[in-house]
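Structure first, then comments.
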Amino acid sequence: MSTSNQAPDPLDRTTAGSTTTADQGPVGPAPARVGTVVWGLIVLALAALIAVAQLGWVNLNGTYVLIGLMIGAGVALVVGGVLSARKRDNRPATGKS
């Protein structure tokens, strides 16, 4: 019997259908998402405000603090989204949609 009709080895990297990243350059880590960074900053700011209020240095109004955090988060998300889209538009087109 002939064994020429066997399925190709999935671990064999020398097949004609394999893809390499040599022509694409080094693949680095993915950049941080804007939303993740903004929510992290919100949590840090809230924790710092709570610590300052507990130390008694400042008397904070919770409503004003939340309004300020939401305005800051909204501005940061919009600016981050615009910058991310702007950076994405500068990349060369690959022909993929």
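Residue numbering restarts at 1 for every chain of the structure tokens, chains are lettered A, B, ... in their displayed order, and ligands are numbered from 1 as they appear.
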Worksheet item: What lies within 8 Å of stretch 41-52 of chain A using only C-alpha atoms, ignoring chain neighbours under 6 positions off, as number ranges by chain?
Response: A: 58, 69, 73
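Every residue of stretch 28-61 of chain A with a DSSP assignment of alpha helix (DSSP H), taken from the backbone, is listed as A:Val34, A:Gly35, A:Thr36, A:Val37, A:Val38, A:Trp39, A:Gly40, A:Leu41, A:Ile42, A:Val43, A:Leu44, A:Ala45, A:Leu46, A:Ala47, A:Ala48, A:Leu49, A:Ile50, A:Ala51, A:Val52, A:Ala53, A:Gln54, A:Leu55.
Shortest separation to A:Trp39 among A:Val82, A:Ala53, A:Leu66, A:Ala76 occurs at residue A:Ala76, atoms counted being only C-alpha atoms.
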Response to the item:
The distance between atom CA of A:Ile71 and atom CA of A:Val38 is 11.7 Å
Item to complete: Fewer than 3 positions away in the same chain doesn't count, so skip those; otherwise give me all residues within 7 Å of A:Leu77, counting only C-alpha atoms, as a PyMOL selection string.
Response: chain A and resi 34-35+38+73-74+80-81
Dump as a tab-separated table (two decimals), in the first residue's frame, selection limited to N, CA and C atoms:
```tsv
chain	number	residue	atom	x	y	z
A	34	VAL	N	-7.26	51.90	25.13
A	34	VAL	CA	-7.54	53.20	25.74
A	34	VAL	C	-8.51	53.04	26.91
A	35	GLY	N	-9.54	52.25	26.71
A	35	GLY	CA	-10.54	52.06	27.77
A	35	GLY	C	-9.94	51.46	29.03
A	38	VAL	N	-7.95	54.22	30.80
A	38	VAL	CA	-8.83	55.23	31.41
A	38	VAL	C	-9.50	54.69	32.66
A	73	ALA	N	-13.15	61.08	32.56
A	73	ALA	CA	-13.12	59.81	31.85
A	73	ALA	C	-13.67	59.96	30.44
A	74	GLY	N	-14.74	60.71	30.28
A	74	GLY	CA	-15.31	60.92	28.95
A	74	GLY	C	-14.34	61.62	28.02
A	80	GLY	N	-8.45	59.61	23.50
A	80	GLY	CA	-7.74	58.36	23.23
A	80	GLY	C	-8.26	57.66	21.99
A	81	GLY	N	-9.56	57.66	21.79
A	81	GLY	CA	-10.13	57.05	20.58
A	81	GLY	C	-9.72	57.78	19.32
```
